[in-house]
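Everything on this sheet refers to the single structure shown next.
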Amino acid sequence: MAPVPHFRNALPMQSMLLEYRVEQVLGAGGFGITYRARDTNLDKDVAIKEYLPGELAMRTPDGKVVAQATGHEAGYQWGLERFLLEARTLAKFSHPHIVRVLRYFEANATAYMVMDYEKGDPLKTVLQLDPQPPEEKLKALVAPLLEGLSAVHATGFLHRDIKPDNIFIRADGTPVLIDFGAARQALGGETKSLTSILTPGYAPLEQYSGEGKQGPWTDLYAMGGVLYRAVVDKNPPDAVSRIRGDTLGAGLAAARGKYSEPIQRAIEWTLHLDEKKRPQSVEQWKPAVLAERRTSAPAQRSMEQRIERRTVRPVVIEKPGRGRWPLVVVIVLLAVAAGGLWKRHNTVRLDAESASVAESARASTLSEEQAQRLRRETEIDFKSADANRDGFLSPDEVRGRFPVIAREFQRVDKDGDGRLSPQEFFQARRIMLERRLGKQSN
């Protein structure tokens with residue numbers, strides 16, 4: 001039988017906290033200890049978190065928690081108040097993907113948070129057993145977590161310690177975000193050393209400094225780190241080491257082919273070292289990370305070529321009693337015409353299209369729904385191609401992804417600044433779509 005691990009300062013097993021009987025230590029961190037306990041009134045298991053910051057406090061023989069030294073008393077009390085505030089805030093949530101706080105109370109000169117006890121495994125264990133899961137499975141995992149995280153951020157709170165250990169996968173496969181032990185009202189600018197808890201690889205630079213400005217972008221960095229861990233099958237490099245030499249791109253490059261470019265771009269975006277260049281909210285990042293998997297590059301090129309190709313169909317006219325020479329003449333003339341069209345293909349296509357946008361719109365006007373759908377798709381494609389996040393597309397960023405636009409880059413670039421703005425990119429895509437719809441209606 002494996003030895004039972006010993007946790008310093010933990011309550012004795014079978015001890016009572018009100019009607020709860022402590023039965024097992026689930027884990028211990030910088031801010032407290034989490035137990036599995038039995039609710040003797042309702043006869044069910046619960047999880048109880050005890051506020052006990054190991055660097056500031058200790059347990060006395062009579063079970064009470066006290067500051068280790070007089071100089072730590074103020075910090076201990078400040079943290080206790082934040083713990084209770086956090087418990088009151090989380091108790092208001094009723095979200096299926098945020099751990100539910102049933103109640104909280106004070107005892108032993110400290111505080112306790114009673115939560116649902118979830119059966120399942122942490123994502124860390126799941127990824128060890130099933131490395132690099134399919135992309136659609138990852139999206140199904142992250143979508144509900146982002147919904148829960150958005151609800152937390154709306155109250156002014158941050159999780160601040162998102163990592164595979166703190167994402168729990170229930171027995172039915174649904175995820176739940178647990179262990180808000182690092183959550184604080186950081187959006188209000190409260191910064192003290194006690195709040196500086198971090199996990200290398202999942203913590204951005206602003207968490208390494210008490211003066212760092214933290215916000216939703218801080219939690220999104222950590223969520224991007226979770227996706228990096230799943231996609232690359234190893235923990236992301238820590239933020240400090242990335243300053244000296246960033247290996248993030250190389251790690252993601254190794255996963256190309258298995259995961260689409262949009263999701264890799266979304267991961268890179270939220271793992272930007274500069275917090276100003278990250279998505280600033282869940283709502284801003286969600287469309288990028290949950291974008292539909294795009295057609296592969298060869299298939300995309302084939303599709304665009306089909307849209308733009310001028311198809312010349314020979315017309316065969318046969319009359320009874322006539323020879324075959326008229327047919328031969330028709331075929332030869334059509335071949336010559338096709339050759340002429342091919343030579344002019346690269347010089348007149350988008351010129352003519354750009355000059356007659358209004359005419360094309362009259363021939364095949366997009367409905368409001370089509371225009372909105374095209375704009376959404378274009379925005380997603382633009383962001384996924386904008387590798388340096390400068391808000392423009394360079395020739396290199398367009399090449400390979402949008403071959404038709406790449407060939408006509410100079411004509412699409414209306415202001416001639418050597419890059420495509422979102423509006424220029426949208427207009428080019430709109431022209432292509434209107435031409436396709438016009439052909440279908442003819």
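Simple scheme: letters A, B, ... for chains in structure tokens order, numbers from 1 for residues in each chain, numbers from 1 for ligands in the order shown.
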Spatial neighbours of Lys383 of chain A, 12 Å, only C-alpha atoms, chain gap at least 5 places, as a list in words
Glu261, Pro262, Ile263, Gln264, Arg265, Ala266, Glu268, Trp269, Pro279, Gln284, Trp285, Pro287, Ala288, Val289, Ala291, Arg376, Glu377, Thr378, Asn388, Arg389, Asp390, Gly391, Phe392, Leu393, Glu397, Val398, Ser421, Pro422 and Phe425 of chain A
I want to know what sits within 9 Å of segment 53-64 of chain A, based on only C-alpha atoms, with residues of the same chain fewer than 2 positions away left out; could you give that as an MDAnalysis selection string?
chainID A and resid 8:12 29:33 51 66:69 72:73 75:76 79 107:110 194
Which neighbours of segment 90-105 of chain A fall inside 8 Å, counting only C-alpha atoms, when residues of the same chain fewer than 4 positions from it are skipped, and could you give them as a PyMOL selection string?
chain A and resi 84+86+111-116+144-145+147-149+174-179
Quick one: write out the picked residues with N, CA and C atoms as a CSV table (one decimal), in the first residue's frame?
```
chain,number,residue,atom,x,y,z
A,84,LEU,N,-12.5,35.8,2.0
A,84,LEU,CA,-14.0,35.9,2.3
A,84,LEU,C,-14.7,36.6,1.2
A,86,GLU,N,-13.8,36.8,-1.9
A,86,GLU,CA,-13.8,35.8,-3.0
A,86,GLU,C,-14.9,34.8,-2.8
A,111,ALA,N,-10.8,31.0,7.7
A,111,ALA,CA,-12.1,30.9,7.0
A,111,ALA,C,-12.1,29.6,6.1
A,112,TYR,N,-13.3,29.2,5.7
A,112,TYR,CA,-13.4,28.0,4.9
A,112,TYR,C,-14.5,28.2,3.8
A,113,MET,N,-14.2,27.6,2.7
A,113,MET,CA,-15.1,27.7,1.6
A,113,MET,C,-15.6,26.3,1.2
A,114,VAL,N,-16.9,26.0,1.2
A,114,VAL,CA,-17.4,24.7,0.9
A,114,VAL,C,-17.9,24.7,-0.5
A,115,MET,N,-17.4,23.7,-1.3
A,115,MET,CA,-17.7,23.6,-2.7
A,115,MET,C,-18.2,22.3,-3.1
A,116,ASP,N,-18.8,22.2,-4.3
A,116,ASP,CA,-19.2,20.9,-4.8
A,116,ASP,C,-18.0,20.0,-5.0
A,144,PRO,N,-16.8,26.2,-23.3
A,144,PRO,CA,-17.5,26.4,-22.0
A,144,PRO,C,-16.7,27.1,-20.9
A,145,LEU,N,-15.4,26.8,-21.0
A,145,LEU,CA,-14.5,27.5,-20.0
A,145,LEU,C,-14.4,29.0,-20.2
A,147,GLU,N,-16.8,30.8,-21.4
A,147,GLU,CA,-18.1,31.3,-21.0
A,147,GLU,C,-18.0,31.5,-19.5
A,148,GLY,N,-17.5,30.6,-18.7
A,148,GLY,CA,-17.4,30.7,-17.3
A,148,GLY,C,-16.4,31.8,-16.9
A,149,LEU,N,-15.3,31.9,-17.6
A,149,LEU,CA,-14.3,32.9,-17.3
A,149,LEU,C,-14.9,34.3,-17.6
A,174,THR,N,-17.4,17.0,-19.3
A,174,THR,CA,-17.6,18.5,-19.3
A,174,THR,C,-16.5,19.1,-18.4
A,175,PRO,N,-16.0,20.3,-18.7
A,175,PRO,CA,-14.9,20.9,-17.9
A,175,PRO,C,-15.5,21.8,-16.9
A,176,VAL,N,-14.7,22.0,-15.8
A,176,VAL,CA,-15.1,23.0,-14.8
A,176,VAL,C,-13.8,23.7,-14.3
A,177,LEU,N,-13.8,25.0,-14.2
A,177,LEU,CA,-12.7,25.7,-13.7
A,177,LEU,C,-12.7,25.7,-12.2
A,178,ILE,N,-11.6,25.2,-11.6
A,178,ILE,CA,-11.6,25.1,-10.1
A,178,ILE,C,-10.4,25.9,-9.5
A,179,ASP,N,-10.3,25.9,-8.2
A,179,ASP,CA,-9.3,26.5,-7.4
A,179,ASP,C,-9.0,28.0,-7.8
```
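With distances restricted to only C-alpha atoms, A:Gln427 is the closest residue to Ala371 of chain A from A:Gln427, A:Thr247, A:Ser281, A:Ser260.
Pairwise distance (atom CA of Thr155 of chain A, atom CA of Asp172 of chain A) equals 28.5 Å.
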Please identify the helix (DSSP H, G or I) residues within segment 103-249 of chain A (assignment by DSSP from backbone atoms) and present them as a PyMOL selection string.
chain A and resi 123-129+135-154+164-166+186-188+193-195+205-208+216-232+239-244+248-249
Next, the residues of the selection above should be written as a short mmCIF file (atom, residue, chain, number, x, y, z; two decimals), in the first residue's frame with C-alpha atoms.
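Below is the file selection08.cif, written as the result:
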```
data_model
loop_
_atom_site.label_atom_id
_atom_site.label_comp_id
_atom_site.auth_asym_id
_atom_site.auth_seq_id
_atom_site.Cartn_x
_atom_site.Cartn_y
_atom_site.Cartn_z
CA LEU A 123 -6.84 18.16 -17.41
CA LYS A 124 -3.17 17.58 -16.63
CA THR A 125 -3.88 13.88 -16.13
CA VAL A 126 -6.19 13.70 -19.15
CA LEU A 127 -3.50 15.14 -21.43
CA GLN A 128 -0.95 12.67 -20.11
CA LEU A 129 -3.25 9.79 -21.03
CA GLU A 135 -8.75 20.14 -32.55
CA GLU A 136 -12.54 19.89 -32.37
CA LYS A 137 -12.23 18.19 -28.99
CA LEU A 138 -10.06 21.05 -27.74
CA LYS A 139 -12.58 23.63 -28.95
CA ALA A 140 -15.39 21.74 -27.22
CA LEU A 141 -13.31 21.94 -24.05
CA VAL A 142 -12.32 25.61 -24.20
CA ALA A 143 -15.69 27.07 -25.30
CA PRO A 144 -17.54 26.44 -22.00
CA LEU A 145 -14.49 27.47 -19.98
CA LEU A 146 -14.43 30.82 -21.77
CA GLU A 147 -18.10 31.30 -20.96
CA GLY A 148 -17.38 30.72 -17.28
CA LEU A 149 -14.29 32.93 -17.33
CA SER A 150 -16.28 35.74 -18.94
CA ALA A 151 -18.79 35.54 -16.09
CA VAL A 152 -15.96 35.81 -13.54
CA HIS A 153 -14.39 38.79 -15.30
CA ALA A 154 -17.75 40.56 -15.43
CA PRO A 164 -4.14 22.12 -16.57
CA ASP A 165 -4.15 21.26 -12.85
CA ASN A 166 -6.99 23.73 -12.24
CA ALA A 186 -7.09 42.84 -9.27
CA LEU A 187 -9.15 44.81 -11.76
CA GLY A 188 -9.40 47.55 -9.16
CA SER A 193 2.97 40.76 -2.60
CA LEU A 194 0.48 38.33 -1.11
CA THR A 195 -1.40 38.19 -4.43
CA LEU A 205 5.17 38.90 -17.26
CA GLU A 206 2.79 41.23 -15.41
CA GLN A 207 2.33 38.57 -12.71
CA TYR A 208 6.05 38.55 -11.96
CA PRO A 216 -8.68 39.65 -18.34
CA TRP A 217 -5.67 39.50 -20.67
CA THR A 218 -3.75 37.91 -17.79
CA ASP A 219 -6.15 34.97 -17.55
CA LEU A 220 -6.25 34.69 -21.35
CA TYR A 221 -2.47 34.31 -21.44
CA ALA A 222 -2.83 31.36 -19.07
CA MET A 223 -5.66 29.88 -21.16
CA GLY A 224 -3.45 30.17 -24.23
CA GLY A 225 -0.78 28.34 -22.28
CA VAL A 226 -3.24 25.52 -21.59
CA LEU A 227 -3.96 25.19 -25.32
CA TYR A 228 -0.22 25.29 -26.07
CA ARG A 229 0.28 22.43 -23.61
CA ALA A 230 -2.42 20.42 -25.38
CA VAL A 231 -1.26 21.17 -28.93
CA VAL A 232 2.51 20.87 -28.45
CA ALA A 239 7.63 34.32 -19.77
CA VAL A 240 11.00 35.38 -18.31
CA SER A 241 13.00 32.91 -20.43
CA ARG A 242 11.09 34.04 -23.53
CA ILE A 243 12.62 37.51 -23.16
CA ARG A 244 16.09 36.04 -23.71
CA LEU A 248 7.13 29.56 -28.60
CA GLY A 249 6.89 29.71 -32.40
#
```
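Here the strand (DSSP E) residues in segment 77-307 of chain A, by DSSP on the backbone, are Val101, Leu102, Arg103, Tyr104, Phe105, Glu106, Ala107, Thr110, Ala111, Tyr112, Met113, Val114, Met115, Asp116, Gly120, Asp121, Pro122, Ile167, Phe168, Ile169, Arg170, Pro175, Val176 and Leu177 of chain A.
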Can you spit out the residues from that selection as a PDB file, in the first residue's frame, using C-alpha atoms?
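The result, written out as out_3.pdb:
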```
ATOM      1  CA  VAL A 101     -19.440  27.522  -3.737  1.00  0.00           C
ATOM      2  CA  LEU A 102     -22.167  26.174  -1.443  1.00  0.00           C
ATOM      3  CA  ARG A 103     -21.313  28.215   1.645  1.00  0.00           C
ATOM      4  CA  TYR A 104     -18.467  29.767   3.600  1.00  0.00           C
ATOM      5  CA  PHE A 105     -17.820  30.221   7.305  1.00  0.00           C
ATOM      6  CA  GLU A 106     -15.168  31.230   9.809  1.00  0.00           C
ATOM      7  CA  ALA A 107     -13.650  28.855  12.359  1.00  0.00           C
ATOM      8  CA  THR A 110      -9.448  31.373   9.701  1.00  0.00           C
ATOM      9  CA  ALA A 111     -12.083  30.867   6.971  1.00  0.00           C
ATOM     10  CA  TYR A 112     -13.444  27.951   4.946  1.00  0.00           C
ATOM     11  CA  MET A 113     -15.102  27.682   1.553  1.00  0.00           C
ATOM     12  CA  VAL A 114     -17.422  24.691   0.936  1.00  0.00           C
ATOM     13  CA  MET A 115     -17.719  23.648  -2.712  1.00  0.00           C
ATOM     14  CA  ASP A 116     -19.212  20.871  -4.809  1.00  0.00           C
ATOM     15  CA  GLY A 120     -13.206  13.144 -12.568  1.00  0.00           C
ATOM     16  CA  ASP A 121      -9.605  14.045 -13.372  1.00  0.00           C
ATOM     17  CA  PRO A 122      -7.626  17.258 -13.813  1.00  0.00           C
ATOM     18  CA  ILE A 167      -9.236  22.595 -15.080  1.00  0.00           C
ATOM     19  CA  PHE A 168     -11.211  19.584 -13.960  1.00  0.00           C
ATOM     20  CA  ILE A 169     -12.773  17.185 -16.443  1.00  0.00           C
ATOM     21  CA  ARG A 170     -15.888  15.636 -14.966  1.00  0.00           C
ATOM     22  CA  PRO A 175     -14.913  20.888 -17.934  1.00  0.00           C
ATOM     23  CA  VAL A 176     -15.073  23.016 -14.806  1.00  0.00           C
ATOM     24  CA  LEU A 177     -12.667  25.723 -13.695  1.00  0.00           C
TER      25      LEU A 177
END
```
Spatial neighbours of Val412 of chain A, max dist 8 Å, only C-alpha atoms, sep filter under 4 positions, as a list of chain:residue names
A:Leu350, A:Ile405, A:Glu408, A:Leu420, A:Glu424, A:Phe425, A:Ala428
Selection file, C-alpha atoms, as a PDB file, in the first residue's frame:
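Generated file (again_25.pdb):
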```
ATOM      1  CA  LEU A 350      -9.189  42.729 -60.740  1.00  0.00           C
ATOM      2  CA  ILE A 405      -5.249  38.095 -53.987  1.00  0.00           C
ATOM      3  CA  GLU A 408      -3.121  40.842 -57.805  1.00  0.00           C
ATOM      4  CA  LEU A 420      -3.563  45.507 -47.291  1.00  0.00           C
ATOM      5  CA  GLU A 424      -9.029  46.507 -48.904  1.00  0.00           C
ATOM      6  CA  PHE A 425      -8.978  42.817 -48.071  1.00  0.00           C
ATOM      7  CA  ALA A 428     -11.349  42.035 -52.760  1.00  0.00           C
TER       8      ALA A 428
END
```
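Going from atom CA of Ala385 of chain A over to atom CA of Leu433 of chain A, you cover 19.5 Å.
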